[in-house]
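> Please see the structure below; I have some questions.
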Amino acid sequence: MSRLPQDLEARLTAAAPAGVEYSAETDQYGVTVAWLGLASAADLSPVATLLKDIGARLSMITCTQPSAPEEEEEDEDEDNEDGEEKAEAEPKETPKSFGGTPLDGTSYEIDYHFDIAGDALTIIAYVPQGGSIASLTPLFRNADWHEREMMELYAVKVTDHPDPRRLFLDASVDGAVLERLIPFSTLVNAASTKGLWERLIAGKKGAA
Amino acid sequence: MSTHNVPETFSIPVGPLHVALEEPMYFKIDVQGETVSHIDINAGHAHRGIEYLTTKRSMYQNVVLTERICSLCSNSHPQTFAMAAEKIAGIEVPERGIYLRTVADEMKRVTSHLFNVALLVHLVGYETYFMHMMQVREIGQDMLESIFGNRQDIGAMCIGGVRYDLDDKSIAYILSALAKIETETKDIIKTFKTNGSILRRTKGVGVLTHADAITCGVVGPVARASGVDYDVRREAPYAAYDRLPLVVHSLTDGDVWSRAMVRLEEILTSIDLLRVCLRDLPGGPVNINDRPDIPPGQAVTRSEAPRGEVIYYLRTNDTPQPERVKWRVPTFMNWDSLRFMLQDAKVADIAMIVNSIDPCLSCTER
């Protein structure tokens, strides 16, 4: 009793010529959660246009850097359920995502979570390190903040964003904060080691 | 910057620290005389990096951490997070736990809505009535403190159920508190429909049209007051909502008054839902009484917080820590609609219009 359009999978497949990987499951409440992996991130725009046409609401965008699967886990990858996208983990080669983006811990997986009349559809696009993805803000106005946040947390480039300013982080902070190791004390700005006192003393000397 | 024959535009800062705003948000507002012509929103004053922290803590520690993202919807965060973990691990919450989750959810909704509407009355300048409404809300806060031992972070949720239980005595106490709140809320609704001071300040102010509401993708009472008839509890049910007589309230005017009225009506609905839950409360355990490892996987779950749809994305791996937790709170979507609501508004109404989206900053910025 899914509320997703009957021919949704076919229409999505037609909109993404490079290929898709579709899965859906309905829970005991009758709510369907569907996942659509895109072989090519370039297919995002036509797929999003289709979703806009059928009245989908963009709910959230998640950017993540999937960690590289460890060597000894390769056997276990086979029995992953929940629609994991780690297909064809060939030995001695960098595992690839669906569509062939290397999963070496530096690539990005960008998930676009849509709501269609109460059911959830997540579009998954893979972007290699240094790659870029088209902005959805011209189509979905509310993608604006999500994409701006994504650009400051990761080094992923979003092309054609109408307003690519920082969202939460100040312009003086270096970007891609989730890709760098930041000491906890720096993160919470509450260093209580002697480092704080050394800075204060040095500052005092400098002022005197 | 002034040109001939055009009234001069001034820029005024509202925030980040402002008497009428509860939390730090910076609005750069261009005004022509008394009228707002353009607004720019500058966020980031309460950005704490909690998304990063979640990947450093175990799944079970994160139930505690996510509760501390926000205070007014502090129950919705751990609940939606736990729902995602349960989905990945295939955990079935016992029936009694499902009902008790709904009870905690609706209790928080009652007090959250009362707080927001009380603040609106404060911003209208009707201080005596503000005090009165806060006193009504205090009945609800007392109820939370008596049942959960805490007024805000009630610590009710855990992966696999809830951490509290109710007996006949506490159920009788909740029902008596709800009866008091119900009577008062009905009075408040009457006042909102008739009081000149409130009507003059809120009717037709800060309008968000239905089309703009769809464009902005707003959620919760903000969307419902603009005629977007959507409530996660009905559209994508969870907990016990599929078997409760849920009424979704929506209005069409999209002004400050409608948003307040949707919230007030929802308080009465929440009280009805609570009564049904407490009447039908099944027996048995309240949680699975176990802390199983959460296997690798990913899940998307949603719930209706007092302010609207909360969505969680969870990805787990072989470690006790999640690989990625991402969530989006209703206010994150609703800020943008202020650009439409504040357009051509009067300077004196800015704070009231901002309050009418029930903004929650610590949630938005995490």
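Just so we're on the same page: first chain in the structure tokens is A, next is B, and so on; residues restart at 1 for each chain, and ligands are numbered from 1 in the order they show up.
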Considering only C-alpha atoms, give me a table of residues in chain B that are at most 6 Å from chain A, with the closest atom pair and distance in Å for each, as a Markdown table.


| residue | atom | partner | partner_atom | distance |
| --- | --- | --- | --- | --- |
| B:Ala43 | CA | A:Phe168 | CA | 5.4 |
| B:Gly44 | CA | A:Phe168 | CA | 3.7 |
| B:Cys216 | CA | A:Asn142 | CA | 5.5 |
| B:Glu235 | CA | A:Gly118 | CA | 4.7 |
| B:Ala236 | CA | A:Gly118 | CA | 5.3 |
| B:Gly297 | CA | A:Asp82 | CA | 5.5 |

> Hey, can you spit out that residue selection with C-alpha atoms as a PDB file, in the first residue's frame?


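Contents of result.pdb, freshly written:
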ATOM      1  CA  ALA B  43      23.359  31.881  11.640  1.00  0.00           C
ATOM      2  CA  GLY B  44      26.052  30.036  13.539  1.00  0.00           C
ATOM      3  CA  CYS B 216      10.044  26.711   1.471  1.00  0.00           C
ATOM      4  CA  GLU B 235       1.314  10.543   7.227  1.00  0.00           C
ATOM      5  CA  ALA B 236       4.094   8.256   8.452  1.00  0.00           C
ATOM      6  CA  GLY B 297      23.251  -0.695   8.233  1.00  0.00           C
TER       7      GLY B 297
END

> DSSP says helix (DSSP H, G or I) for which residues of region 143-289 of chain B? Put them as a ChimeraX atom specification?

/B:143-148,168-194,196-202,210-216,220-225,232-235,241-243,256-280

> Write out as a VMD selection string the residues lying within 12 Å of Pro285 (chain B), counting only C-alpha atoms and excluding same-chain residues fewer than 5 positions away.

chain B and resid 92 to 100 160 to 166 290

> With N, CA and C atoms kept, could you save the residues just selected as a short mmCIF file (atom, residue, chain, number, x, y, z; two decimals), in the first residue's frame?


data_model
loop_
_atom_site.label_atom_id
_atom_site.label_comp_id
_atom_site.auth_asym_id
_atom_site.auth_seq_id
_atom_site.Cartn_x
_atom_site.Cartn_y
_atom_site.Cartn_z
N GLU B 92 12.08 -5.00 18.18
CA GLU B 92 10.66 -4.67 18.33
C GLU B 92 10.41 -4.13 19.73
N VAL B 93 9.89 -2.91 19.78
CA VAL B 93 9.60 -2.30 21.07
C VAL B 93 8.33 -2.93 21.63
N PRO B 94 8.33 -3.34 22.91
CA PRO B 94 7.11 -3.93 23.49
C PRO B 94 5.95 -2.94 23.44
N GLU B 95 4.74 -3.50 23.40
CA GLU B 95 3.53 -2.68 23.27
C GLU B 95 3.44 -1.57 24.31
N ARG B 96 3.72 -1.92 25.56
CA ARG B 96 3.63 -0.91 26.63
C ARG B 96 4.63 0.22 26.38
N GLY B 97 5.82 -0.15 25.90
CA GLY B 97 6.83 0.85 25.58
C GLY B 97 6.36 1.78 24.48
N ILE B 98 5.69 1.23 23.47
CA ILE B 98 5.18 2.03 22.36
C ILE B 98 4.19 3.07 22.86
N TYR B 99 3.29 2.65 23.76
CA TYR B 99 2.32 3.60 24.30
C TYR B 99 2.99 4.64 25.19
N LEU B 100 3.95 4.21 26.00
CA LEU B 100 4.60 5.16 26.91
C LEU B 100 5.43 6.18 26.12
N GLY B 160 15.02 0.43 22.25
CA GLY B 160 14.24 -0.75 22.64
C GLY B 160 13.07 -0.45 23.56
N GLY B 161 12.77 0.82 23.78
CA GLY B 161 11.61 1.12 24.60
C GLY B 161 11.75 2.43 25.36
N VAL B 162 11.24 2.43 26.59
CA VAL B 162 11.33 3.63 27.43
C VAL B 162 11.96 3.25 28.78
N ARG B 163 12.33 4.29 29.50
CA ARG B 163 13.02 4.08 30.77
C ARG B 163 12.12 4.39 31.96
N TYR B 164 10.84 4.57 31.73
CA TYR B 164 9.97 4.89 32.87
C TYR B 164 8.71 4.05 32.79
N ASP B 165 7.99 4.02 33.87
CA ASP B 165 6.74 3.27 33.88
C ASP B 165 5.71 4.07 34.68
N LEU B 166 4.47 3.79 34.43
CA LEU B 166 3.39 4.48 35.13
C LEU B 166 2.59 3.47 35.94
N ASP B 290 17.58 -5.12 27.33
CA ASP B 290 18.79 -5.69 26.74
C ASP B 290 19.47 -4.57 25.98
#

> So how far away is CA of Ala84 (chain B) from CA of Thr319 (chain B), in Å?

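Separation of CA of Thr319 (chain B) and CA of Ala84 (chain B): 16.4 Å.
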
> Using only C-alpha atoms for the distances, tell me which of B:Met352, B:Cys73, B:Leu251, B:Ile41 is nearest to Ala104 (chain B).

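The closest residue to Ala104 (chain B) is B:Cys73.
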
> Do you know which residues are at most 12 Å from Asp349 (chain B) counting only C-alpha atoms, after dropping those on the same chain fewer than 3 positions away, and could you put them as a ChimeraX atom specification?

/B:20,34-36,120,123-125,200-207,255-256,341-346,352-356

> Emit the selected residues as an mmCIF file, in the first residue's frame, including C-alpha atoms.


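Output (again-v7.cif):
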data_model
loop_
_atom_site.group_PDB
_atom_site.id
_atom_site.type_symbol
_atom_site.label_atom_id
_atom_site.label_comp_id
_atom_site.auth_asym_id
_atom_site.auth_seq_id
_atom_site.Cartn_x
_atom_site.Cartn_y
_atom_site.Cartn_z
ATOM 1 C CA ALA B 20 12.868 39.804 22.130
ATOM 2 C CA GLU B 34 8.786 51.519 9.402
ATOM 3 C CA THR B 35 8.540 48.813 6.748
ATOM 4 C CA VAL B 36 10.867 45.865 6.239
ATOM 5 C CA LEU B 120 3.579 35.399 21.707
ATOM 6 C CA LEU B 123 5.526 39.981 22.658
ATOM 7 C CA VAL B 124 2.039 41.340 22.025
ATOM 8 C CA GLY B 125 2.574 43.216 25.281
ATOM 9 C CA ARG B 200 -5.142 43.447 16.343
ATOM 10 C CA ARG B 201 -1.482 42.470 16.680
ATOM 11 C CA THR B 202 -1.651 38.968 15.187
ATOM 12 C CA LYS B 203 -4.391 38.797 12.525
ATOM 13 C CA GLY B 204 -3.084 39.261 9.000
ATOM 14 C CA VAL B 205 0.476 39.762 10.299
ATOM 15 C CA GLY B 206 3.447 37.768 9.012
ATOM 16 C CA VAL B 207 1.511 35.963 6.312
ATOM 17 C CA ASP B 255 -0.644 34.550 9.749
ATOM 18 C CA VAL B 256 0.746 34.753 13.285
ATOM 19 C CA MET B 341 6.678 36.562 6.477
ATOM 20 C CA LEU B 342 8.826 39.599 7.281
ATOM 21 C CA GLN B 343 8.577 41.126 3.821
ATOM 22 C CA ASP B 344 6.738 44.467 4.185
ATOM 23 C CA ALA B 345 6.128 43.826 7.887
ATOM 24 C CA LYS B 346 6.335 46.617 10.439
ATOM 25 C CA MET B 352 6.515 38.533 17.094
ATOM 26 C CA ILE B 353 6.792 37.099 13.592
ATOM 27 C CA VAL B 354 10.123 35.462 14.392
ATOM 28 C CA ASN B 355 8.566 33.924 17.502
ATOM 29 C CA SER B 356 5.627 32.637 15.470
#

> Env of region 5-13 of chain A: 12 Å cut, atoms = only C-alpha atoms, seq-sep filter 4 positions within chain, self excluded. Answer as a ChimeraX atom specification.

/A:1,17-24,32,34-39,43-51,53-56,116-117,119,121,123

> With N, CA and C atoms retained, could you export that selection as a CSV table (one decimal), in the first residue's frame?


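Once everything was written out, this is result-v8.csv:
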chain,number,residue,atom,x,y,z
A,1,MET,N,0.8,-1.2,0.0
A,1,MET,CA,0.0,0.0,0.0
A,1,MET,C,0.9,1.3,0.0
A,17,PRO,N,20.1,7.7,-17.1
A,17,PRO,CA,20.6,6.8,-18.1
A,17,PRO,C,21.8,6.0,-17.6
A,18,ALA,N,22.6,6.5,-16.7
A,18,ALA,CA,23.8,5.7,-16.3
A,18,ALA,C,23.5,4.5,-15.4
A,19,GLY,N,22.2,4.4,-14.9
A,19,GLY,CA,21.8,3.3,-14.2
A,19,GLY,C,21.5,3.6,-12.7
A,20,VAL,N,20.6,2.8,-12.2
A,20,VAL,CA,20.1,3.0,-10.8
A,20,VAL,C,20.1,1.7,-10.1
A,21,GLU,N,20.1,1.8,-8.8
A,21,GLU,CA,19.9,0.6,-7.9
A,21,GLU,C,18.8,1.0,-6.9
A,22,TYR,N,17.7,0.3,-7.1
A,22,TYR,CA,16.5,0.7,-6.3
A,22,TYR,C,16.1,-0.4,-5.4
A,23,SER,N,15.7,0.0,-4.2
A,23,SER,CA,15.2,-0.9,-3.2
A,23,SER,C,14.2,-0.2,-2.3
A,24,ALA,N,13.2,-0.9,-1.9
A,24,ALA,CA,12.1,-0.3,-1.0
A,24,ALA,C,11.6,-1.3,-0.1
A,32,THR,N,6.5,3.4,3.5
A,32,THR,CA,7.5,2.8,2.6
A,32,THR,C,8.8,3.7,2.7
A,34,ALA,N,12.2,4.0,0.6
A,34,ALA,CA,12.9,3.6,-0.6
A,34,ALA,C,14.3,4.2,-0.8
A,35,TRP,N,15.2,3.5,-1.4
A,35,TRP,CA,16.5,4.0,-1.6
A,35,TRP,C,16.8,3.9,-3.1
A,36,LEU,N,17.5,4.9,-3.7
A,36,LEU,CA,17.8,4.9,-5.1
A,36,LEU,C,19.3,5.3,-5.2
A,37,GLY,N,20.1,4.4,-5.5
A,37,GLY,CA,21.5,4.7,-5.8
A,37,GLY,C,21.7,5.1,-7.2
A,38,LEU,N,22.4,6.2,-7.4
A,38,LEU,CA,22.7,6.7,-8.8
A,38,LEU,C,24.1,6.2,-9.2
A,39,ALA,N,24.2,5.6,-10.4
A,39,ALA,CA,25.5,5.2,-10.9
A,39,ALA,C,26.4,6.5,-11.2
A,43,ASP,N,23.4,12.3,-13.0
A,43,ASP,CA,21.9,12.0,-13.2
A,43,ASP,C,21.1,12.7,-12.1
A,44,LEU,N,21.7,13.3,-11.1
A,44,LEU,CA,21.0,13.8,-10.0
A,44,LEU,C,19.9,14.9,-10.4
A,45,SER,N,20.4,15.8,-11.3
A,45,SER,CA,19.5,16.9,-11.7
A,45,SER,C,18.2,16.3,-12.4
A,46,PRO,N,18.3,15.5,-13.4
A,46,PRO,CA,17.1,15.0,-14.1
A,46,PRO,C,16.2,14.2,-13.1
A,47,VAL,N,16.8,13.4,-12.2
A,47,VAL,CA,16.0,12.7,-11.2
A,47,VAL,C,15.3,13.7,-10.2
A,48,ALA,N,16.0,14.7,-9.8
A,48,ALA,CA,15.4,15.7,-8.9
A,48,ALA,C,14.3,16.4,-9.6
A,49,THR,N,14.5,16.7,-10.9
A,49,THR,CA,13.4,17.4,-11.7
A,49,THR,C,12.1,16.5,-11.7
A,50,LEU,N,12.4,15.2,-11.9
A,50,LEU,CA,11.2,14.3,-11.9
A,50,LEU,C,10.5,14.3,-10.6
A,51,LEU,N,11.3,14.3,-9.5
A,51,LEU,CA,10.7,14.3,-8.2
A,51,LEU,C,9.9,15.6,-7.9
A,53,ASP,N,8.4,17.3,-10.1
A,53,ASP,CA,7.2,17.2,-10.9
A,53,ASP,C,6.1,16.4,-10.2
A,54,ILE,N,6.5,15.3,-9.5
A,54,ILE,CA,5.5,14.5,-8.8
A,54,ILE,C,5.2,15.1,-7.4
A,55,GLY,N,5.7,16.2,-7.1
A,55,GLY,CA,5.3,16.9,-5.8
A,55,GLY,C,6.1,16.4,-4.6
A,56,ALA,N,7.3,15.9,-4.8
A,56,ALA,CA,8.1,15.5,-3.6
A,56,ALA,C,8.6,16.7,-2.9
A,116,ILE,N,7.5,11.8,-0.1
A,116,ILE,CA,6.5,11.8,-1.2
A,116,ILE,C,5.2,11.3,-0.5
A,117,ALA,N,4.3,12.3,-0.2
A,117,ALA,CA,3.0,12.0,0.5
A,117,ALA,C,3.2,11.1,1.7
A,119,ASP,N,5.7,8.9,2.4
A,119,ASP,CA,6.7,7.9,2.2
A,119,ASP,C,8.1,8.6,1.9
A,121,LEU,N,11.9,8.7,0.3
A,121,LEU,CA,12.8,8.2,-0.8
A,121,LEU,C,14.1,8.9,-0.7
A,123,ILE,N,17.7,9.5,-2.4
A,123,ILE,CA,18.6,9.4,-3.6
A,123,ILE,C,20.0,9.5,-3.2
